[in-house]
file data_7.txt (compact mmCIF, C-alpha atoms and all ligand atoms)
# COMPACT_ATOMS: atom_id res chain seq x y z
CA MET Z 1185 0.00 0.00 0.00
CA ALA Z 1186 1.33 3.41 -0.92
CA GLY Z 1187 0.37 7.07 -1.33
CA SER Z 1188 -1.26 9.60 0.96
CA PRO Z 1189 -3.56 8.17 3.63
CA ILE Z 1190 -7.29 8.21 3.02
CA ILE Z 1191 -9.08 8.19 6.34
CA PHE Z 1192 -12.52 6.66 6.24
CA PRO Z 1193 -14.62 7.20 9.33
CA ARG Z 1194 -17.09 4.50 10.33
CA GLY Z 1195 -20.59 4.41 8.98
CA ARG Z 1196 -23.76 4.65 11.07
CA GLU Z 1197 -22.15 7.26 13.29
CA ILE Z 1198 -24.15 8.93 16.04
CA VAL Z 1199 -23.07 11.88 18.15
CA LEU Z 1200 -24.84 11.59 21.50
CA GLY Z 1201 -25.00 15.02 23.12
CA VAL Z 1202 -25.72 15.11 26.84
CA SER Z 1203 -26.67 18.27 28.71
CA ALA Z 1204 -26.96 18.93 32.42
CA GLY Z 1205 -30.15 17.23 33.53
CA ILE Z 1206 -30.44 14.45 36.10
CA ALA Z 1207 -31.74 12.28 33.22
CA ALA Z 1208 -28.13 12.17 31.99
CA TYR Z 1209 -27.81 8.87 33.85
CA LYS Z 1210 -30.65 7.42 31.75
CA SER Z 1211 -28.69 8.32 28.65
CA CYS Z 1212 -26.14 5.65 29.60
CA ASP Z 1213 -28.86 3.13 28.74
CA VAL Z 1214 -29.71 5.00 25.53
CA LEU Z 1215 -26.04 4.71 24.53
CA ARG Z 1216 -26.04 0.96 25.24
CA ARG Z 1217 -29.23 0.33 23.25
CA LEU Z 1218 -27.88 2.38 20.32
CA GLN Z 1219 -24.81 0.14 20.34
CA ASP Z 1220 -27.08 -2.94 20.41
CA HIS Z 1221 -28.53 -1.69 17.13
CA GLY Z 1222 -25.08 -1.44 15.59
CA PHE Z 1223 -24.69 2.32 15.88
CA LEU Z 1224 -21.24 3.71 16.65
CA VAL Z 1225 -21.51 6.44 19.22
CA THR Z 1226 -19.34 9.39 20.21
CA VAL Z 1227 -20.57 11.09 23.37
CA VAL Z 1228 -20.30 14.87 23.60
CA PRO Z 1229 -21.39 16.05 27.04
CA THR Z 1230 -21.68 19.67 28.08
CA GLU Z 1231 -19.23 20.68 30.79
CA SER Z 1232 -21.93 21.04 33.47
CA SER Z 1233 -23.51 17.66 32.63
CA LEU Z 1234 -20.32 16.06 33.94
CA ASN Z 1235 -21.71 16.86 37.41
CA PHE Z 1236 -24.26 14.11 36.78
CA VAL Z 1237 -22.29 11.59 34.71
CA GLY Z 1238 -18.52 11.90 34.44
CA LYS Z 1239 -16.22 11.55 31.46
CA ALA Z 1240 -14.86 8.22 32.65
CA THR Z 1241 -18.32 6.64 32.43
CA TRP Z 1242 -18.92 7.92 28.90
CA GLN Z 1243 -15.46 6.88 27.76
CA ALA Z 1244 -15.81 3.40 29.19
CA LEU Z 1245 -19.31 2.89 27.76
CA SER Z 1246 -18.56 4.30 24.30
CA GLY Z 1247 -14.98 3.09 24.02
CA ARG Z 1248 -14.06 6.48 22.62
CA ASN Z 1249 -12.44 9.66 23.90
CA VAL Z 1250 -14.85 12.22 25.26
CA HIS Z 1251 -14.40 15.99 25.04
CA THR Z 1252 -16.57 18.93 26.04
CA SER Z 1253 -14.64 21.84 24.60
CA VAL Z 1254 -13.27 22.70 21.16
CA TRP Z 1255 -9.98 23.60 22.83
CA GLU Z 1256 -9.25 20.13 24.17
CA ASN Z 1257 -8.39 18.61 20.85
CA SER Z 1258 -7.80 21.64 18.67
CA ALA Z 1259 -5.30 20.00 16.31
CA GLU Z 1260 -8.04 17.65 15.14
CA VAL Z 1261 -10.68 20.40 14.82
CA SER Z 1262 -13.06 18.05 16.62
CA HIS Z 1263 -16.29 19.90 15.93
CA VAL Z 1264 -15.75 19.74 12.17
CA ALA Z 1265 -14.57 16.12 12.29
CA LEU Z 1266 -17.52 15.09 14.46
CA ALA Z 1267 -20.00 17.05 12.36
CA ASP Z 1268 -18.65 15.54 9.14
CA ARG Z 1269 -18.87 11.96 10.23
CA ALA Z 1270 -22.17 12.12 12.14
CA ASP Z 1271 -25.10 10.48 10.39
CA LEU Z 1272 -27.36 11.62 13.21
CA ILE Z 1273 -27.02 13.79 16.31
CA VAL Z 1274 -29.11 12.82 19.34
CA ILE Z 1275 -29.22 15.21 22.29
CA ALA Z 1276 -30.55 13.43 25.35
CA PRO Z 1277 -31.32 14.91 27.75
CA ALA Z 1278 -31.70 18.41 26.33
CA THR Z 1279 -32.14 21.06 29.03
CA ALA Z 1280 -33.99 24.35 28.63
CA ASP Z 1281 -30.61 26.08 28.46
CA LEU Z 1282 -29.30 23.83 25.70
CA ILE Z 1283 -32.51 24.21 23.70
CA SER Z 1284 -32.18 27.97 24.08
CA ARG Z 1285 -28.57 27.94 22.93
CA LEU Z 1286 -29.44 25.79 19.90
CA ALA Z 1287 -32.35 28.07 18.99
CA GLN Z 1288 -29.99 31.05 19.08
CA GLY Z 1289 -27.48 29.23 16.89
CA ARG Z 1290 -24.81 29.59 19.55
CA ALA Z 1291 -21.52 27.73 19.29
CA ASP Z 1292 -20.05 28.08 22.76
CA ASP Z 1293 -19.03 24.52 23.52
CA LEU Z 1294 -18.14 21.39 21.55
CA LEU Z 1295 -21.74 20.13 21.39
CA THR Z 1296 -23.38 23.30 20.09
CA THR Z 1297 -20.48 23.93 17.71
CA THR Z 1298 -20.83 20.39 16.34
CA VAL Z 1299 -24.57 20.86 15.81
CA ILE Z 1300 -24.09 24.11 13.93
CA ALA Z 1301 -21.28 22.63 11.81
CA SER Z 1302 -23.30 19.58 10.76
CA GLY Z 1303 -25.86 18.93 8.05
CA CYS Z 1304 -27.31 15.69 9.44
CA PRO Z 1305 -30.66 15.19 11.19
CA VAL Z 1306 -30.76 16.24 14.86
CA LEU Z 1307 -33.03 14.58 17.43
CA ILE Z 1308 -33.62 16.53 20.64
CA VAL Z 1309 -34.93 14.73 23.71
CA PRO Z 1310 -35.94 17.35 26.29
CA ALA Z 1311 -36.15 16.64 30.02
CA MET Z 1312 -36.88 19.36 32.58
CA HIS Z 1313 -39.38 20.50 35.17
CA PRO Z 1314 -42.88 21.32 33.86
CA GLN Z 1315 -42.55 25.08 34.47
CA MET Z 1316 -39.39 25.19 32.42
CA TRP Z 1317 -40.92 23.16 29.55
CA LEU Z 1318 -44.09 25.29 29.57
CA ASN Z 1319 -42.22 28.60 29.91
CA GLN Z 1320 -42.95 30.91 26.96
CA ALA Z 1321 -39.26 31.15 26.12
CA THR Z 1322 -38.86 27.37 25.91
CA VAL Z 1323 -42.11 26.99 23.95
CA ALA Z 1324 -40.88 29.57 21.41
CA ASN Z 1325 -37.42 27.98 21.20
CA VAL Z 1326 -38.85 24.51 20.57
CA GLU Z 1327 -41.18 25.88 17.90
CA LEU Z 1328 -38.28 27.63 16.19
CA LEU Z 1329 -36.11 24.50 16.26
CA ARG Z 1330 -38.94 22.37 14.83
CA LYS Z 1331 -39.45 24.93 12.07
CA ARG Z 1332 -35.75 24.65 11.23
CA GLY Z 1333 -36.04 20.88 10.79
CA PHE Z 1334 -34.88 19.63 14.20
CA THR Z 1335 -36.92 16.71 15.56
CA VAL Z 1336 -37.91 17.58 19.13
CA LEU Z 1337 -39.61 14.82 21.12
CA ASP Z 1338 -42.26 15.79 23.63
CA PRO Z 1339 -41.21 14.89 27.16
CA ALA Z 1340 -43.23 12.25 29.00
CA VAL Z 1341 -45.69 13.02 31.78
CA GLY Z 1342 -45.14 11.58 35.25
CA ARG Z 1343 -43.01 11.78 38.36
CA LEU Z 1344 -40.02 14.09 38.25
CA THR Z 1345 -37.01 14.48 40.49
CA GLY Z 1346 -37.98 16.07 43.76
CA LYS Z 1347 -41.61 16.33 44.75
CA ASP Z 1348 -43.18 17.55 41.55
CA SER Z 1349 -44.73 15.65 38.69
CA GLY Z 1350 -46.16 16.56 35.31
CA ILE Z 1351 -44.80 17.00 31.79
CA GLY Z 1352 -41.01 16.97 31.58
CA ARG Z 1353 -39.90 13.39 32.20
CA PHE Z 1354 -37.21 11.90 30.04
CA PRO Z 1355 -39.06 9.59 27.59
CA GLU Z 1356 -38.64 5.81 27.83
CA THR Z 1357 -35.49 4.55 26.07
CA LYS Z 1358 -37.61 2.57 23.58
CA ILE Z 1359 -39.38 5.73 22.38
CA ILE Z 1360 -36.00 7.38 21.77
CA ILE Z 1361 -34.54 4.35 19.99
CA ASP Z 1362 -37.64 3.98 17.77
CA LYS Z 1363 -37.28 7.62 16.74
CA VAL Z 1364 -33.57 7.13 16.02
CA LEU Z 1365 -34.37 4.11 13.84
CA GLU Z 1366 -37.07 6.06 12.00
CA LEU Z 1367 -34.69 8.97 11.32
CA SER Z 1368 -31.77 6.77 10.36
CA ASN Z 1369 -33.88 4.54 8.11
CA SER Z 1370 -34.40 7.43 5.75
CA VAL Z 1371 -30.65 7.45 5.07
CA ALA Z 1372 -29.79 3.84 5.90
CA VAL Z 1373 -30.98 2.37 2.61
CA LEU Z 1374 -28.79 -0.73 3.04
CA MET Z 1375 -29.69 -1.54 6.64
CA ASN Z 1376 -29.57 -5.34 7.19
CA ARG Z 1377 -27.88 -5.88 3.80
CA LYS Z 1378 -24.45 -7.39 3.25
CA VAL Z 1379 -22.22 -5.91 0.58
CA LEU Z 1380 -19.00 -7.42 -0.78
CA VAL Z 1381 -16.62 -4.96 -2.44
CA THR Z 1382 -13.39 -5.71 -4.28
CA ALA Z 1383 -10.97 -2.81 -4.51
CA GLY Z 1384 -7.52 -2.00 -5.84
CA GLY Z 1385 -5.35 -3.81 -8.32
CA THR Z 1386 -4.18 -7.41 -8.28
CA ILE Z 1387 -0.45 -8.07 -8.47
CA GLU Z 1388 0.90 -11.04 -10.37
CA PRO Z 1389 4.38 -12.15 -9.30
CA ILE Z 1390 7.12 -12.67 -11.87
CA ASP Z 1391 9.71 -13.59 -9.24
CA PRO Z 1392 10.13 -12.74 -5.53
CA VAL Z 1393 11.02 -9.14 -6.43
CA ARG Z 1394 9.05 -8.21 -9.55
CA TYR Z 1395 5.39 -8.32 -10.40
CA ILE Z 1396 2.84 -7.21 -12.98
CA GLY Z 1397 0.55 -4.60 -11.44
CA ASN Z 1398 -1.61 -1.67 -12.45
CA ARG Z 1399 -2.33 1.91 -11.49
CA SER Z 1400 -5.54 1.27 -9.56
CA SER Z 1401 -5.57 3.11 -6.20
CA GLY Z 1402 -8.70 1.39 -4.94
CA ARG Z 1403 -10.28 4.77 -4.19
CA GLN Z 1404 -13.53 4.13 -6.05
CA GLY Z 1405 -14.08 0.73 -4.43
CA LEU Z 1406 -13.21 2.05 -0.99
CA ALA Z 1407 -15.59 4.97 -1.50
CA VAL Z 1408 -18.35 2.44 -2.30
CA ALA Z 1409 -17.44 0.44 0.82
CA TYR Z 1410 -17.57 3.59 2.93
CA GLU Z 1411 -20.90 4.78 1.52
CA ALA Z 1412 -22.36 1.29 1.93
CA LEU Z 1413 -21.31 1.28 5.59
CA ARG Z 1414 -22.81 4.69 5.99
CA ALA Z 1415 -26.04 3.41 4.47
CA GLY Z 1416 -26.17 0.74 7.18
CA ALA Z 1417 -24.77 -2.28 5.32
CA GLU Z 1418 -22.43 -4.90 6.72
CA VAL Z 1419 -19.41 -4.62 4.46
CA THR Z 1420 -16.65 -7.00 3.46
CA VAL Z 1421 -13.79 -5.59 1.40
CA ILE Z 1422 -11.47 -7.81 -0.61
CA ALA Z 1423 -8.51 -5.51 -1.15
CA GLY Z 1424 -5.73 -5.95 -3.66
CA GLN Z 1425 -3.04 -3.29 -3.86
CA THR Z 1426 -4.54 0.06 -2.78
CA ASP Z 1427 -3.59 3.42 -1.38
CA TYR Z 1428 -3.37 3.28 2.38
CA PHE Z 1429 -6.81 3.43 3.95
CA GLU Z 1430 -8.66 3.05 7.22
CA LEU Z 1431 -12.18 1.74 6.95
CA GLU Z 1432 -13.38 1.20 10.50
CA GLY Z 1433 -16.39 -1.05 10.71
CA ALA Z 1434 -15.67 -3.12 7.60
CA ARG Z 1435 -14.20 -6.61 7.41
CA VAL Z 1436 -11.12 -6.34 5.22
CA LEU Z 1437 -9.50 -9.35 3.52
CA GLU Z 1438 -6.27 -8.75 1.69
CA VAL Z 1439 -5.19 -10.58 -1.44
CA GLU Z 1440 -2.45 -10.26 -4.02
CA THR Z 1441 -3.31 -12.17 -7.16
CA ALA Z 1442 -6.40 -12.54 -9.36
CA GLU Z 1443 -6.63 -16.20 -8.47
CA GLU Z 1444 -6.63 -15.42 -4.74
CA MET Z 1445 -9.27 -12.78 -5.35
CA LEU Z 1446 -11.43 -15.22 -7.33
CA GLU Z 1447 -11.16 -17.81 -4.58
CA LEU Z 1448 -12.28 -15.33 -1.91
CA VAL Z 1449 -15.05 -13.80 -4.02
CA GLU Z 1450 -16.40 -17.29 -4.72
CA ALA Z 1451 -16.28 -18.16 -1.01
CA GLU Z 1452 -17.96 -14.92 0.12
CA PHE Z 1453 -20.45 -14.16 -2.64
CA SER Z 1454 -23.30 -16.44 -1.57
CA SER Z 1455 -23.48 -14.88 1.92
CA HIS Z 1456 -23.76 -11.34 0.56
CA ASP Z 1457 -26.68 -9.50 -1.03
CA SER Z 1458 -24.50 -7.58 -3.41
CA LEU Z 1459 -21.06 -7.71 -5.02
CA VAL Z 1460 -19.32 -4.56 -6.23
CA MET Z 1461 -16.48 -5.64 -8.45
CA SER Z 1462 -14.41 -2.49 -8.59
CA ALA Z 1463 -11.00 -4.15 -8.45
CA ALA Z 1464 -8.71 -3.76 -11.42
CA VAL Z 1465 -7.94 -7.41 -11.98
CA ALA Z 1466 -4.81 -8.01 -14.06
CA ASP Z 1467 -5.91 -9.54 -17.35
CA ALA Z 1468 -2.96 -11.92 -17.41
CA ARG Z 1469 -0.30 -13.40 -15.14
CA PRO Z 1470 3.10 -14.91 -15.75
CA VAL Z 1471 2.78 -18.62 -16.58
CA SER Z 1472 4.92 -19.30 -13.54
CA SER Z 1473 6.60 -17.26 -10.84
CA ALA Z 1474 10.34 -17.92 -10.54
CA GLU Z 1475 11.51 -19.07 -7.12
CA GLY Z 1476 14.64 -16.96 -7.16
CA LYS Z 1477 15.19 -13.47 -8.58
CA ILE Z 1478 15.60 -13.75 -12.35
CA LYS Z 1479 19.05 -12.48 -13.42
CA LYS Z 1480 19.08 -9.26 -15.45
CA GLU Z 1481 20.58 -11.06 -18.49
CA SER Z 1482 17.77 -13.59 -18.67
CA PHE Z 1483 14.98 -11.09 -17.91
CA THR Z 1484 14.04 -10.58 -21.55
CA LYS Z 1485 10.53 -11.93 -21.89
CA ILE Z 1486 7.56 -12.95 -19.73
CA GLU Z 1487 5.21 -15.63 -20.94
CA LEU Z 1488 1.64 -14.82 -19.94
CA LEU Z 1489 -1.49 -16.78 -19.18
CA GLU Z 1490 -4.99 -15.26 -19.20
CA ASN Z 1491 -6.48 -14.64 -15.73
CA PRO Z 1492 -10.00 -15.78 -14.87
CA ASP Z 1493 -12.68 -13.12 -15.34
CA ILE Z 1494 -14.07 -12.93 -11.82
CA LEU Z 1495 -17.07 -10.76 -12.66
CA ALA Z 1496 -18.15 -12.94 -15.58
CA SER Z 1497 -17.84 -16.17 -13.60
CA ILE Z 1498 -19.73 -14.72 -10.60
CA GLY Z 1499 -22.39 -13.32 -12.95
CA LYS Z 1500 -23.22 -16.91 -13.80
CA LEU Z 1501 -23.51 -17.95 -10.11
CA LYS Z 1502 -25.70 -15.03 -9.17
CA ARG Z 1503 -29.04 -15.76 -7.49
CA ALA Z 1504 -32.07 -13.77 -8.61
CA ASN Z 1505 -32.11 -11.88 -5.29
CA GLN Z 1506 -28.48 -10.69 -5.54
CA VAL Z 1507 -27.20 -7.53 -7.19
CA VAL Z 1508 -23.85 -7.40 -8.99
CA VAL Z 1509 -22.08 -4.19 -9.96
CA GLY Z 1510 -19.26 -4.06 -12.47
CA PHE Z 1511 -16.87 -1.36 -13.64
CA ALA Z 1512 -15.25 -0.52 -16.93
CA ALA Z 1513 -12.72 2.03 -18.13
CA GLU Z 1514 -13.06 3.15 -21.75
CA THR Z 1515 -11.42 5.76 -23.93
CA GLU Z 1516 -13.75 5.49 -26.92
CA SER Z 1517 -16.56 7.98 -27.53
CA ASN Z 1518 -19.22 5.25 -27.62
CA LEU Z 1519 -18.80 4.79 -23.88
CA VAL Z 1520 -22.39 3.87 -23.14
CA GLU Z 1521 -22.59 1.32 -25.95
CA LEU Z 1522 -19.39 -0.39 -24.79
CA GLY Z 1523 -20.55 -0.28 -21.19
CA ARG Z 1524 -23.94 -1.81 -22.02
CA ASP Z 1525 -22.30 -4.58 -23.95
CA LYS Z 1526 -20.02 -5.35 -20.97
CA LEU Z 1527 -22.92 -5.19 -18.50
CA VAL Z 1528 -24.84 -7.84 -20.43
CA ARG Z 1529 -21.81 -9.98 -21.26
CA LYS Z 1530 -20.70 -10.14 -17.62
CA GLY Z 1531 -24.17 -10.60 -16.15
CA ALA Z 1532 -24.08 -7.42 -14.02
CA ASP Z 1533 -27.11 -5.43 -12.85
CA LEU Z 1534 -25.27 -2.11 -12.74
CA LEU Z 1535 -22.05 -1.01 -14.38
CA TYR Z 1536 -20.11 2.21 -13.94
CA VAL Z 1537 -18.13 3.02 -17.03
CA ASN Z 1538 -15.28 5.44 -16.41
CA ASN Z 1539 -14.40 7.82 -19.18
CA VAL Z 1540 -10.62 7.67 -19.10
CA ALA Z 1541 -10.15 9.55 -22.38
CA GLN Z 1542 -9.51 12.92 -20.71
CA GLY Z 1543 -6.73 11.76 -18.43
CA ALA Z 1544 -6.50 10.87 -14.77
CA VAL Z 1545 -9.07 8.68 -13.07
CA PHE Z 1546 -6.54 6.29 -11.61
CA GLY Z 1547 -5.29 7.63 -8.28
CA SER Z 1548 -7.59 10.65 -8.52
CA ASP Z 1549 -10.47 11.57 -6.22
CA SER Z 1550 -12.71 12.53 -9.12
CA THR Z 1551 -14.21 10.72 -12.09
CA SER Z 1552 -16.34 11.20 -15.20
CA GLY Z 1553 -18.50 8.46 -16.65
CA ALA Z 1554 -21.90 6.82 -16.73
CA LEU Z 1555 -23.77 4.50 -14.39
CA LEU Z 1556 -25.74 2.02 -16.46
CA SER Z 1557 -28.50 -0.22 -15.20
CA VAL Z 1558 -29.82 -3.45 -16.62
CA ASP Z 1559 -33.26 -1.78 -16.58
CA GLY Z 1560 -32.02 0.45 -19.42
CA SER Z 1561 -31.49 3.68 -17.46
CA SER Z 1562 -28.21 5.63 -17.45
CA GLU Z 1563 -26.91 8.43 -15.27
CA PHE Z 1564 -24.02 10.65 -16.37
CA PHE Z 1565 -21.27 12.20 -14.26
CA ASP Z 1566 -18.89 14.96 -15.26
CA ASN Z 1567 -15.85 15.41 -13.05
CA VAL Z 1568 -17.51 14.54 -9.75
CA SER Z 1569 -16.00 13.00 -6.61
CA LYS Z 1570 -15.74 9.22 -6.43
CA HIS Z 1571 -17.86 9.43 -3.26
CA GLU Z 1572 -20.66 11.03 -5.27
CA VAL Z 1573 -20.58 8.13 -7.73
CA ALA Z 1574 -20.32 5.71 -4.79
CA ARG Z 1575 -23.49 7.19 -3.24
CA ARG Z 1576 -25.35 6.75 -6.54
CA ILE Z 1577 -24.11 3.17 -6.78
CA VAL Z 1578 -25.24 2.47 -3.21
CA ASN Z 1579 -28.68 3.93 -3.98
CA GLY Z 1580 -28.81 1.90 -7.19
CA ILE Z 1581 -27.99 -1.29 -5.27
CA ALA Z 1582 -30.66 -0.51 -2.66
CA LYS Z 1583 -33.30 0.12 -5.31
CA ARG Z 1584 -32.50 -3.06 -7.22
CA LEU Z 1585 -32.32 -5.17 -4.06
CA GLU Z 1586 -35.79 -3.99 -3.17
CA LEU Z 1587 -37.02 -4.88 -6.64
CA VAL Z 1588 -35.46 -8.34 -6.82
CA ASN Z 1589 -36.37 -9.23 -3.27
CA GLY Z 1590 -40.01 -8.24 -3.77
O1 LIG W 1 -13.22 -6.58 -19.17
P1 LIG W 1 -12.88 -5.44 -18.28
O2 LIG W 1 -11.58 -5.60 -17.57
O3 LIG W 1 -13.05 -4.09 -18.89
O4 LIG W 1 -14.03 -5.51 -17.16
C1 LIG W 1 -13.99 -4.71 -16.02
C2 LIG W 1 -14.86 -5.34 -14.97
O5 LIG W 1 -14.64 -6.73 -14.88
C3 LIG W 1 -14.56 -4.79 -13.61
O6 LIG W 1 -15.73 -4.84 -12.81
C4 LIG W 1 -13.50 -5.76 -13.10
O7 LIG W 1 -13.47 -5.79 -11.67
C5 LIG W 1 -13.98 -7.07 -13.67
N1 LIG W 1 -12.91 -8.01 -14.00
C6 LIG W 1 -12.86 -9.23 -13.36
N2 LIG W 1 -11.89 -10.15 -13.67
C7 LIG W 1 -10.99 -9.88 -14.62
C8 LIG W 1 -11.03 -8.65 -15.31
C9 LIG W 1 -11.99 -7.74 -14.96
O8 LIG W 1 -13.70 -9.47 -12.49
N3 LIG W 1 -10.06 -10.78 -14.89

call {"tool": "encode", "arguments": {"input": "data_7.txt", "output": "structure tokens"}}
result
Amino acid sequence: MAGSPIIFPRGREIVLGVSAGIAAYKSCDVLRRLQDHGFLVTVVPTESSLNFVGKATWQALSGRNVHTSVWENSAEVSHVALADRADLIVIAPATADLISRLAQGRADDLLTTTVIASGCPVLIVPAMHPQMWLNQATVANVELLRKRGFTVLDPAVGRLTGKDSGIGRFPETKIIIDKVLELSNSVAVLMNRKVLVTAGGTIEPIDPVRYIGNRSSGRQGLAVAYEALRAGAEVTVIAGQTDYFELEGARVLEVETAEEMLELVEAEFSSHDSLVMSAAVADARPVSSAEGKIKKESFTKIELLENPDILASIGKLKRANQVVVGFAAETESNLVELGRDKLVRKGADLLYVNNVAQGAVFGSDSTSGALLSVDGSSEFFDNVSKHEVARRIVNGIAKRLELVNG
């Protein structure tokens, strides 16, 4: 693996904000139940909430570092990093003060700064005494937040801390989790699906030192793996030679040669709903790999043998309820025609054909091309990020899986 690192955060990320209400202790259970559902949670408490539940508890329960201020981890610009990777922000409990700060658009601690820096859905779970919830200021703040697209749960009615009772109780964990699932389902189009992705180039040894390889960086395949994780899928990556990457949350199997890749794809395919064959498989390999380094004088020719076509052979094994995605790189102007031909020939449901006529796609973060579907539709991309294409592929897989699974 070579090149600059590509850091892939985990999919299904939740930021759990905790503000200073006694119900903070109940949020420990919310965190646990979120983890039971496969969510990956970073806790961001407000400084004063630590009076109720301390950092050590949150760190132990979440298995992640916990910060309250943007100044604690300034080199990492935590609020931007957290905001970028969050698929959902849940604030439980949300006090009257926190609701007021959010309504004002304030950014005076790590939690409020993260909220304002993010574009993901935000679920607010208020808990406070009835007078505070019914106070005109709170009522107006909640109305404003709802108008801006925040989901604000109504607190439950019942016994509160101290002697009073009424509206203001922290809702039952199940109500919160159901709401989280409802909000995340709208983005988690591959929830409960298993996706197998091949990425990078295969290398075919000539001798212990030399090999036949290609310029594939694996970026497109890894972008698909990342977007699939983000969409809720369980992801297995079979990686050939790629740029260095971190893909937390995925199962990664490393291979070198086309034959190793074929063996693993064949072993894994039947337990997955979808295969995305984005690896650049070497078309041929040396007939044999020399045991010792071939001397310079005799290194004059390499006899080649055709490699198996993994996509074509898997296309034949495919069950009706599985979805297979292929890739192609073409320089000709009849891109779509060539792509369609390949899609049919290799038995794929979707095929992304890269237009490599205008230069770099290999090793680049952007791509131009067309996403073709067996249903006859095509979608065109002009110099967009590989993640954009990956998101379209993930949506295409989800749509087709729904269709073929009834
Ligand atoms: O035939 P061509 O190499 O253009 O086809 C590209 C598609 O076929 C890609 O999805 C690639 O992963 C797959 N492929 C394969 N095995 C090969 C060659 C290509 O699975 N030996």

call {"tool": "atom_distance", "arguments": {"input": "data_7.txt", "atom1": "atom CA of Z:Gly1560", "atom2": "atom CA of Z:Asn1579"}}
result
16.2 Å

call {"tool": "closest_residue", "arguments": {"input": "data_7.txt", "among": "Z:Asp1566, Z:Glu1430, Z:Asp1533, Z:Asp1213", "to": "Z:Ile1360", "atoms": "all atoms listed in the file"}}
result
Z:Asp1213

call {"tool": "axis_aligned_box", "arguments": {"input": "data_7.txt", "around": "ligand LIG 1 (chain W)", "padding_each_side": "5 Å", "output": "JSON"}}
result
{"center_x": -12.9, "center_y": -7.4, "center_z": -15.4, "size_x": 15.7, "size_y": 16.7, "size_z": 17.5}

call {"tool": "residues_near_ligand", "arguments": {"input": "data_7.txt", "ligand": "ligand LIG 1 (chain W)", "cutoff": "8 Å", "atoms": "all atoms listed in the file", "output": "VMD selection string"}}
result
chain Z and resid 1382 1442 1460 to 1468 1491 to 1497 1509 to 1514 1526 1530 1535

call {"tool": "atom_distance", "arguments": {"input": "data_7.txt", "atom1": "atom CA of Z:Arg1414", "atom2": "atom CA of Z:Ala1372"}}
result
7.0 Å
